[in-house]
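Undergrad: Okay, so here is target_25.cif, and as you'll see once you scroll down, it has mmCIF, C-alpha atoms.
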```cif
data_final
#
loop_
_atom_site.label_atom_id
_atom_site.label_comp_id
_atom_site.auth_asym_id
_atom_site.auth_seq_id
_atom_site.Cartn_x
_atom_site.Cartn_y
_atom_site.Cartn_z
CA MET A 6 0.00 0.00 0.00
CA GLY A 7 2.23 2.83 -1.14
CA GLY A 8 1.36 6.40 -1.90
CA PRO A 9 -0.22 9.24 0.02
CA PRO A 10 -3.26 8.76 2.25
CA LEU A 11 -6.65 8.99 0.53
CA PHE A 12 -7.10 12.52 1.90
CA TYR A 13 -4.21 13.61 -0.32
CA LYS A 14 -5.13 11.57 -3.39
CA ASN A 15 -4.90 14.59 -5.73
CA LEU A 16 -1.40 15.59 -4.60
CA ARG A 17 1.24 14.08 -6.88
CA SER A 18 4.99 13.74 -6.56
CA GLY A 19 6.81 16.46 -8.47
CA VAL A 20 3.68 18.61 -8.85
CA PRO A 21 3.34 21.65 -6.58
CA ALA A 22 0.54 21.50 -4.04
CA PRO A 23 -2.20 23.96 -4.98
CA GLN A 24 -1.86 27.44 -3.51
CA VAL A 25 -4.24 28.22 -0.67
CA ASP A 26 -5.61 31.28 1.06
CA PRO A 27 -3.20 32.36 3.81
CA SER A 28 -6.14 32.93 6.18
CA ASP A 29 -7.21 29.28 5.72
CA LEU A 30 -3.67 28.12 6.44
CA LYS A 31 -3.54 30.25 9.57
CA SER A 32 -6.96 29.10 10.79
CA LEU A 33 -6.15 25.43 10.26
CA TRP A 34 -2.70 25.83 11.83
CA GLU A 35 -4.25 27.42 14.93
CA PHE A 36 -6.82 24.61 15.20
CA VAL A 37 -4.38 21.75 14.64
CA SER A 38 -1.76 23.31 16.90
CA ALA A 39 -4.29 23.70 19.74
CA PHE A 40 -5.52 20.14 19.12
CA HIS A 41 -1.98 18.74 19.36
CA LYS A 42 -1.26 20.73 22.52
CA SER A 43 -4.45 19.58 24.24
CA ASN A 44 -3.83 15.93 23.34
CA SER A 45 -0.14 15.89 24.20
CA SER A 46 -0.84 17.28 27.67
CA ARG A 47 -3.37 14.56 28.55
CA PRO A 48 -2.36 11.88 31.04
CA THR A 49 -1.62 8.58 29.29
CA GLU A 50 -4.74 7.00 30.83
CA THR A 51 -6.98 9.22 28.71
CA GLY A 52 -4.68 10.44 25.93
CA PRO A 53 -2.81 8.64 23.20
CA ARG A 54 0.01 6.40 24.33
CA CYS A 55 3.40 6.16 22.69
CA GLY A 56 2.97 4.81 19.18
CA GLU A 57 -0.74 5.64 19.05
CA SER A 58 -2.19 8.40 16.92
CA VAL A 59 -5.25 10.57 17.05
CA GLY A 60 -7.10 11.53 13.90
CA ILE A 61 -9.06 14.63 13.04
CA ASP A 62 -12.17 14.19 10.92
CA SER A 63 -11.97 15.94 7.57
CA GLU A 64 -15.38 17.56 8.19
CA LEU A 65 -13.94 19.25 11.26
CA LEU A 66 -11.00 20.53 9.20
CA THR A 67 -13.41 21.83 6.56
CA ARG A 68 -15.21 23.93 9.19
CA HIS A 69 -11.95 25.78 9.89
CA CYS A 70 -11.51 26.85 6.26
CA SER A 71 -13.41 29.25 4.06
CA PRO A 72 -16.18 27.87 1.79
CA GLY A 73 -14.74 26.20 -1.28
CA ALA A 74 -11.22 25.87 0.16
CA ASN A 75 -9.08 22.96 -1.02
CA VAL A 76 -8.87 21.43 2.46
CA PRO A 77 -6.35 18.67 1.56
CA ALA A 78 -4.01 21.33 0.11
CA VAL A 79 -4.44 23.53 3.18
CA MET A 80 -3.78 20.58 5.49
CA PHE A 81 -0.75 19.49 3.46
CA ARG A 82 0.71 23.00 3.71
CA CYS A 83 -0.18 23.16 7.41
CA GLN A 84 1.66 19.90 8.09
CA PHE A 85 4.61 21.14 6.05
CA LEU A 86 4.69 24.34 8.14
CA MET A 87 4.57 22.30 11.35
CA LEU A 88 7.40 20.07 10.16
CA LEU A 89 9.61 23.05 9.35
CA ILE A 90 8.86 24.56 12.77
CA GLN A 91 9.64 21.25 14.53
CA GLN A 92 12.95 21.09 12.70
CA GLY A 93 13.82 24.57 13.97
CA LEU A 94 14.17 25.98 10.46
CA LEU A 95 11.66 28.80 10.95
CA ALA A 96 12.74 30.02 14.40
CA PRO A 97 13.71 33.53 13.15
CA TRP A 98 10.15 34.06 11.92
CA LEU A 99 8.26 32.81 14.95
CA GLU A 100 6.60 35.17 17.39
CA GLY A 101 6.86 33.08 20.54
CA GLU A 102 5.53 29.74 19.30
CA GLU A 103 3.36 31.31 16.61
CA PRO A 104 4.36 31.72 12.96
CA SER A 105 4.56 35.31 11.76
CA GLU A 106 2.06 36.55 9.18
CA CYS A 107 4.89 36.40 6.62
CA LEU A 108 5.18 32.63 7.13
CA PHE A 109 1.48 32.10 6.50
CA GLN A 110 1.68 34.26 3.37
CA VAL A 111 4.71 32.41 1.99
CA LEU A 112 3.73 28.86 2.96
CA ALA A 113 0.24 29.34 1.46
CA THR A 114 1.59 30.24 -1.97
CA TYR A 115 5.19 28.99 -2.32
CA PRO A 116 5.50 26.09 -4.80
CA VAL A 117 5.71 23.19 -2.34
CA HIS A 118 6.26 19.90 -4.15
CA VAL A 119 5.27 16.53 -2.79
CA GLY A 120 8.42 14.44 -2.51
CA GLU A 121 11.68 16.31 -3.08
CA PHE A 122 11.93 19.85 -1.79
CA ASP A 123 14.58 22.58 -1.80
CA THR A 124 14.47 23.93 1.76
CA ALA A 125 17.31 26.41 1.15
CA SER A 126 15.32 28.07 -1.64
CA LEU A 127 12.23 28.37 0.57
CA LEU A 128 14.24 29.89 3.43
CA GLN A 129 15.80 32.42 1.04
CA HIS A 130 12.34 33.34 -0.23
CA ILE A 131 11.10 33.83 3.37
CA ARG A 132 14.14 36.03 4.14
CA GLU A 133 13.41 38.20 1.11
CA ARG A 134 9.67 38.48 1.88
CA SER A 135 10.19 39.24 5.56
CA ARG A 136 12.37 42.28 4.72
CA ARG A 137 9.53 43.99 2.86
#
```
In structure tokens, what does this structure look like?

TA:
Amino acid sequence: MGGPPLFYKNLRSGVPAPQVDPSDLKSLWEFVSAFHKSNSSRPTETGPRCGESVGIDSELLTRHCSPGANVPAVMFRCQFLMLLIQQGLLAPWLEGEEPSECLFQVLATYPVHVGEFDTASLLQHIRERSRR
């Protein structure tokens, strides 16, 4: 069973993920971030144990985006943003633990490809945009 999960069935390797509205990316990031924080702080008796995962229903994700939004593309970009933050690559553009508005603008529109990705190019683009 290879390939992306069904939720991402229209995302293809080598093809950029569709651009999304930065406000949708921000809204979904805030929701998912709060969800992760509330679930990671639960005692193991009621929260997920090591190796377990918790899912979020796609209908719930849809409610956090504007009407007609490409929710899989927004979620893909949200997860990409979270990964870059976890890796410490976006620290200069965080305001506390929150991404700056510039990050939402860039990550919503930058050509993010499924599969291979040039992180150095993205970081250079963020540097240039954040100086404006």

Undergrad: Considering all atoms listed in the file, can you say which of A:Leu94, A:Val76, A:Glu106, A:Ala113 comes closest to Ala125 of chain A?

TA: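 So, comparing all the options, the nearest one is A:Leu94.
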
Undergrad: Once the PyMOL selection byres ((chain A and resi 78) around 10) has been applied to the shown file, what residues remain in the selection, as a list in words?

TA: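 What the PyMOL selection byres ((chain A and resi 78) around 10) grabs from the file is Phe12, Tyr13, Asn15, Leu16, Pro21, Ala22, Pro23, Gln24, Val25, Leu30, Ala74, Asn75, Val76, Pro77, Val79, Met80, Phe81, Arg82, Cys83, Gln84 and Ala113 of chain A.
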
Undergrad: To one decimal in Å, tell me the separation between atom CA of His130 of chain A and atom CA of His41 of chain A.

TA: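 Distance reported for this atom pair: 28.3 Å.
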
Undergrad: Figure out the distance between atom CA of Ser28 of chain A and atom CA of Phe109 of chain A, please, to one decimal in Å.

TA: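 These atoms are spaced 7.7 Å apart.
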
Undergrad: Distance atom CA of Ser71 of chain A-atom CA of Phe122 of chain A, one decimal place?

TA: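 Atom-to-atom, atom CA of Ser71 of chain A to atom CA of Phe122 of chain A, that is 27.7 Å.
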
Undergrad: Hey, what's within 8 Å of His69 of chain A if we count all atoms listed in the file and toss same-chain stuff fewer than 4 positions away? As a short mmCIF file (atom, residue, chain, number, x, y, z; two decimals) with C-alpha atoms, in the coordinates of the input, please?

TA:
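Wrote result.cif, looks like this:
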```cif
data_model
loop_
_atom_site.label_atom_id
_atom_site.label_comp_id
_atom_site.auth_asym_id
_atom_site.auth_seq_id
_atom_site.Cartn_x
_atom_site.Cartn_y
_atom_site.Cartn_z
CA ASP A 29 -7.21 29.28 5.72
CA SER A 32 -6.96 29.10 10.79
CA LEU A 33 -6.15 25.43 10.26
CA PHE A 36 -6.82 24.61 15.20
CA LEU A 65 -13.94 19.25 11.26
#
```

Undergrad: Counting all atoms listed in the file, which residue out of A:Phe85, A:Phe40, A:Trp34, A:Trp98 sits closest to Val117 of chain A?

TA: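 For Val117 of chain A, the nearest of the given residues is A:Phe85.
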
Undergrad: So which one's closest to Pro72 of chain A, A:Ala96, A:Pro104, A:Asp26, A:Thr114? Using only C-alpha atoms, please.

TA: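 Among A:Ala96, A:Pro104, A:Asp26, A:Thr114, it is A:Asp26 that comes nearest to Pro72 of chain A.
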
Undergrad: Do you know which residues are at most 10 Å from Ser135 of chain A counting all atoms listed in the file, after dropping those on the same chain fewer than 3 positions away, and could you put them as a list of chain:residue names?

TA: A:Trp98, A:Ser105, A:Glu106, A:Cys107, A:Leu108, A:Val111, A:Gln129, A:His130, A:Ile131, A:Arg132
